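This is entry_25.pdb (PDB, C-alpha atoms and all ligand atoms).
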ATOM      1  CA  MET C   1       0.000   0.000   0.000  1.00  0.00           C
ATOM      2  CA  PRO C   2       1.517   3.345  -0.952  1.00  0.00           C
ATOM      3  CA  THR C   3       2.170   5.813   1.818  1.00  0.00           C
ATOM      4  CA  ARG C   4       0.866   9.346   1.589  1.00  0.00           C
ATOM      5  CA  ALA C   5       4.354  10.594   0.648  1.00  0.00           C
ATOM      6  CA  SER C   6       4.863   7.984  -2.063  1.00  0.00           C
ATOM      7  CA  ARG C   7       1.348   7.968  -3.493  1.00  0.00           C
ATOM      8  CA  LYS C   8       1.277   8.439  -7.230  1.00  0.00           C
ATOM      9  CA  THR C   9      -0.392  11.663  -8.279  1.00  0.00           C
ATOM     10  CA  ASP C  10      -3.316  10.868 -10.538  1.00  0.00           C
ATOM     11  CA  VAL C  11      -3.527  13.766 -12.980  1.00  0.00           C
ATOM     12  CA  THR C  12      -6.172  13.808 -15.712  1.00  0.00           C
ATOM     13  CA  LYS C  13      -5.451  16.051 -18.671  1.00  0.00           C
ATOM     14  CA  LEU C  14      -8.435  18.110 -19.850  1.00  0.00           C
ATOM     15  CA  LYS C  15      -9.333  20.258 -22.799  1.00  0.00           C
ATOM     16  CA  ALA C  16      -7.685  23.579 -21.915  1.00  0.00           C
ATOM     17  CA  ASP C  17     -10.135  26.117 -20.502  1.00  0.00           C
ATOM     18  CA  VAL C  18      -9.924  29.203 -18.314  1.00  0.00           C
ATOM     19  CA  CYS C  19     -11.320  29.664 -14.836  1.00  0.00           C
ATOM     20  CA  PRO C  20     -14.507  31.758 -15.121  1.00  0.00           C
ATOM     21  CA  ARG C  21     -13.437  33.697 -12.025  1.00  0.00           C
ATOM     22  CA  CYS C  22      -9.700  34.419 -12.434  1.00  0.00           C
ATOM     23  CA  ASP C  23      -9.026  33.521 -16.093  1.00  0.00           C
ATOM     24  CA  ALA C  24      -6.181  31.148 -15.172  1.00  0.00           C
ATOM     25  CA  LEU C  25      -5.520  28.449 -17.761  1.00  0.00           C
ATOM     26  CA  LEU C  26      -6.680  25.073 -16.439  1.00  0.00           C
ATOM     27  CA  ASP C  27      -5.835  21.914 -18.371  1.00  0.00           C
ATOM     28  CA  ALA C  28      -5.696  19.143 -15.776  1.00  0.00           C
ATOM     29  CA  VAL C  29      -7.349  17.928 -12.577  1.00  0.00           C
ATOM     30  CA  THR C  30      -6.241  15.757  -9.691  1.00  0.00           C
ATOM     31  CA  SER C  31      -8.447  13.666  -7.433  1.00  0.00           C
ATOM     32  CA  LEU C  32      -7.724  14.357  -3.785  1.00  0.00           C
ATOM     33  CA  HIS C  33      -8.828  11.028  -2.355  1.00  0.00           C
ATOM     34  CA  LYS C  34      -9.104   8.363  -5.035  1.00  0.00           C
ATOM     35  CA  GLN C  35      -6.826   7.173  -7.792  1.00  0.00           C
ATOM     36  CA  ASP C  36      -8.015   6.472 -11.320  1.00  0.00           C
ATOM     37  CA  VAL C  37     -11.067   8.719 -10.982  1.00  0.00           C
ATOM     38  CA  LYS C  38     -11.870  10.639 -14.138  1.00  0.00           C
ATOM     39  CA  PRO C  39     -14.192  13.663 -13.923  1.00  0.00           C
ATOM     40  CA  LYS C  40     -17.562  13.611 -15.669  1.00  0.00           C
ATOM     41  CA  PRO C  41     -20.122  16.322 -16.484  1.00  0.00           C
ATOM     42  CA  ASP C  42     -21.540  18.065 -13.385  1.00  0.00           C
ATOM     43  CA  ASP C  43     -18.699  16.864 -11.148  1.00  0.00           C
ATOM     44  CA  LEU C  44     -17.362  19.630  -8.942  1.00  0.00           C
ATOM     45  CA  THR C  45     -13.809  20.890  -8.741  1.00  0.00           C
ATOM     46  CA  ILE C  46     -11.982  23.958  -7.515  1.00  0.00           C
ATOM     47  CA  CYS C  47      -9.658  26.295  -9.334  1.00  0.00           C
ATOM     48  CA  TYR C  48      -6.063  25.600  -8.313  1.00  0.00           C
ATOM     49  CA  TYR C  49      -5.249  29.312  -8.531  1.00  0.00           C
ATOM     50  CA  CYS C  50      -8.168  31.148  -6.886  1.00  0.00           C
ATOM     51  CA  GLY C  51     -10.187  28.400  -5.171  1.00  0.00           C
ATOM     52  CA  ALA C  52     -13.396  29.156  -7.065  1.00  0.00           C
ATOM     53  CA  PRO C  53     -15.929  26.314  -6.939  1.00  0.00           C
ATOM     54  CA  LEU C  54     -16.409  25.044 -10.502  1.00  0.00           C
ATOM     55  CA  ALA C  55     -18.311  22.290 -12.288  1.00  0.00           C
ATOM     56  CA  PHE C  56     -17.706  20.414 -15.522  1.00  0.00           C
ATOM     57  CA  THR C  57     -20.042  21.011 -18.449  1.00  0.00           C
ATOM     58  CA  GLU C  58     -21.237  18.339 -20.904  1.00  0.00           C
ATOM     59  CA  ASP C  59     -18.180  19.030 -23.116  1.00  0.00           C
ATOM     60  CA  MET C  60     -15.867  19.008 -20.048  1.00  0.00           C
ATOM     61  CA  THR C  61     -15.192  22.713 -20.015  1.00  0.00           C
ATOM     62  CA  LEU C  62     -15.633  24.620 -16.757  1.00  0.00           C
ATOM     63  CA  ARG C  63     -18.491  26.718 -15.393  1.00  0.00           C
ATOM     64  CA  PRO C  64     -19.109  28.276 -11.976  1.00  0.00           C
ATOM     65  CA  ALA C  65     -20.712  25.813  -9.560  1.00  0.00           C
ATOM     66  CA  THR C  66     -24.272  26.715  -8.625  1.00  0.00           C
ATOM     67  CA  LEU C  67     -25.369  27.467  -5.069  1.00  0.00           C
ATOM     68  CA  ALA C  68     -27.467  24.283  -5.116  1.00  0.00           C
ATOM     69  CA  GLU C  69     -24.396  22.221  -6.063  1.00  0.00           C
ATOM     70  CA  MET C  70     -22.366  23.789  -3.259  1.00  0.00           C
ATOM     71  CA  HIS C  71     -25.228  23.172  -0.804  1.00  0.00           C
ATOM     72  CA  ASP C  72     -25.358  19.493  -1.835  1.00  0.00           C
ATOM     73  CA  LEU C  73     -21.598  19.256  -1.381  1.00  0.00           C
ATOM     74  CA  ALA C  74     -21.854  20.718   2.134  1.00  0.00           C
ATOM     75  CA  ASP C  75     -24.555  18.143   2.990  1.00  0.00           C
ATOM     76  CA  THR C  76     -22.378  15.334   1.653  1.00  0.00           C
ATOM     77  CA  PHE C  77     -19.401  16.560   3.673  1.00  0.00           C
ATOM     78  CA  LEU C  78     -21.461  16.819   6.876  1.00  0.00           C
ATOM     79  CA  ARG C  79     -22.809  13.275   6.428  1.00  0.00           C
ATOM     80  CA  TRP C  80     -19.235  12.039   5.875  1.00  0.00           C
ATOM     81  CA  ALA C  81     -17.962  13.898   8.966  1.00  0.00           C
ATOM     82  CA  ILE C  82     -20.773  12.536  11.168  1.00  0.00           C
ATOM     83  CA  GLN C  83     -20.116   9.016   9.874  1.00  0.00           C
ATOM     84  CA  LYS C  84     -16.382   9.364  10.666  1.00  0.00           C
ATOM     85  CA  GLN C  85     -17.116  10.583  14.216  1.00  0.00           C
ATOM     86  CA  SER C  86     -19.355   7.606  14.952  1.00  0.00           C
ATOM     87  CA  HIS C  87     -16.539   5.087  14.240  1.00  0.00           C
TER
HETATM   88 ZN    ZN V 101      -9.603  30.667 -10.696  1.00  0.00          ZN
END

Can you give me the file's structure in the form of structure tokens?
Amino acid sequence: MPTRASRKTDVTKLKADVCPRCDALLDAVTSLHKQDVKPKPDDLTICYYCGAPLAFTEDMTLRPATLAEMHDLADTFLRWAIQKQSH
């Protein structure tokens, strides 16, 4: 099992696009907790440069995440945190 320090970085190259908030060129993503995970439309991500919450479109370009998407993400995180505390 790889240690945190030796874990292979799983970078997925994307069609180059710019962040809708800061205009930084974004052409790759990295999963923070799973390897071999490829993004799909409506998955959420954050801009590496400014931290803006973003989502993938049908053609895998980037758009600002909606408030509803961020709310759902907060609910998912809270459920995960509660589950972790109960173990
Ligand atoms: Zn940005």

Evaluate the PyMOL selection byres (((not hetatm)) within 10 of (chain V and resi 101)) and record the selected residues as an mmCIF file with C-alpha atoms, in the frame of the given file, following the chain and residue labels used in the document.
data_model
loop_
_atom_site.group_PDB
_atom_site.id
_atom_site.type_symbol
_atom_site.label_atom_id
_atom_site.label_comp_id
_atom_site.auth_asym_id
_atom_site.auth_seq_id
_atom_site.Cartn_x
_atom_site.Cartn_y
_atom_site.Cartn_z
ATOM 1 C CA VAL C 18 -9.924 29.203 -18.314
ATOM 2 C CA CYS C 19 -11.320 29.664 -14.836
ATOM 3 C CA PRO C 20 -14.507 31.758 -15.121
ATOM 4 C CA ARG C 21 -13.437 33.697 -12.025
ATOM 5 C CA CYS C 22 -9.700 34.419 -12.434
ATOM 6 C CA ASP C 23 -9.026 33.521 -16.093
ATOM 7 C CA ALA C 24 -6.181 31.148 -15.172
ATOM 8 C CA LEU C 25 -5.520 28.449 -17.761
ATOM 9 C CA LEU C 26 -6.680 25.073 -16.439
ATOM 10 C CA ILE C 46 -11.982 23.958 -7.515
ATOM 11 C CA CYS C 47 -9.658 26.295 -9.334
ATOM 12 C CA TYR C 48 -6.063 25.600 -8.313
ATOM 13 C CA TYR C 49 -5.249 29.312 -8.531
ATOM 14 C CA CYS C 50 -8.168 31.148 -6.886
ATOM 15 C CA GLY C 51 -10.187 28.400 -5.171
ATOM 16 C CA ALA C 52 -13.396 29.156 -7.065
ATOM 17 C CA PRO C 53 -15.929 26.314 -6.939
ATOM 18 C CA LEU C 54 -16.409 25.044 -10.502
ATOM 19 C CA PRO C 64 -19.109 28.276 -11.976
#

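The residues returned by the PyMOL selection byres (((chain C and resi 41) around 8) and not hetatm) for this structure are C:Pro39, C:Lys40, C:Asp42, C:Asp43, C:Ala55, C:Phe56, C:Thr57, C:Glu58, C:Asp59, C:Met60.
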
- Task: Would you mind reading off the distance between CA of Ala28 (chain C) and CA of Ala16 (chain C), one decimal, in Å?
- Result: 7.8 Å

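For the set C:Leu32, C:Ile82, C:Ala74, C:Leu67, the residue with the smallest atom-to-atom gap to Thr45 (chain C) is C:Leu32, counting only C-alpha atoms.
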
- Note on the structure: Expressed in Å, the length from CA of Trp80 (chain C) to CA of Ala68 (chain C) is 18.4 Å

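CA of Phe77 (chain C) lies 13.4 Å from CA of His33 (chain C).
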
- Item | Best match for closeness to Met70 (chain C) among C:Val37, C:Lys13, C:Thr30, C:Leu44, counting all atoms listed in the file |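 Among the listed residues, the smallest separation from Met70 (chain C) belongs to C:Leu44.
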
- Mind checking which residues fall within 9 Å of Ser31 (chain C), counting all atoms listed in the file, ignoring those fewer than 5 positions away in the same chain, and posting them as a ChimeraX atom specification? /C:9-12,36-39
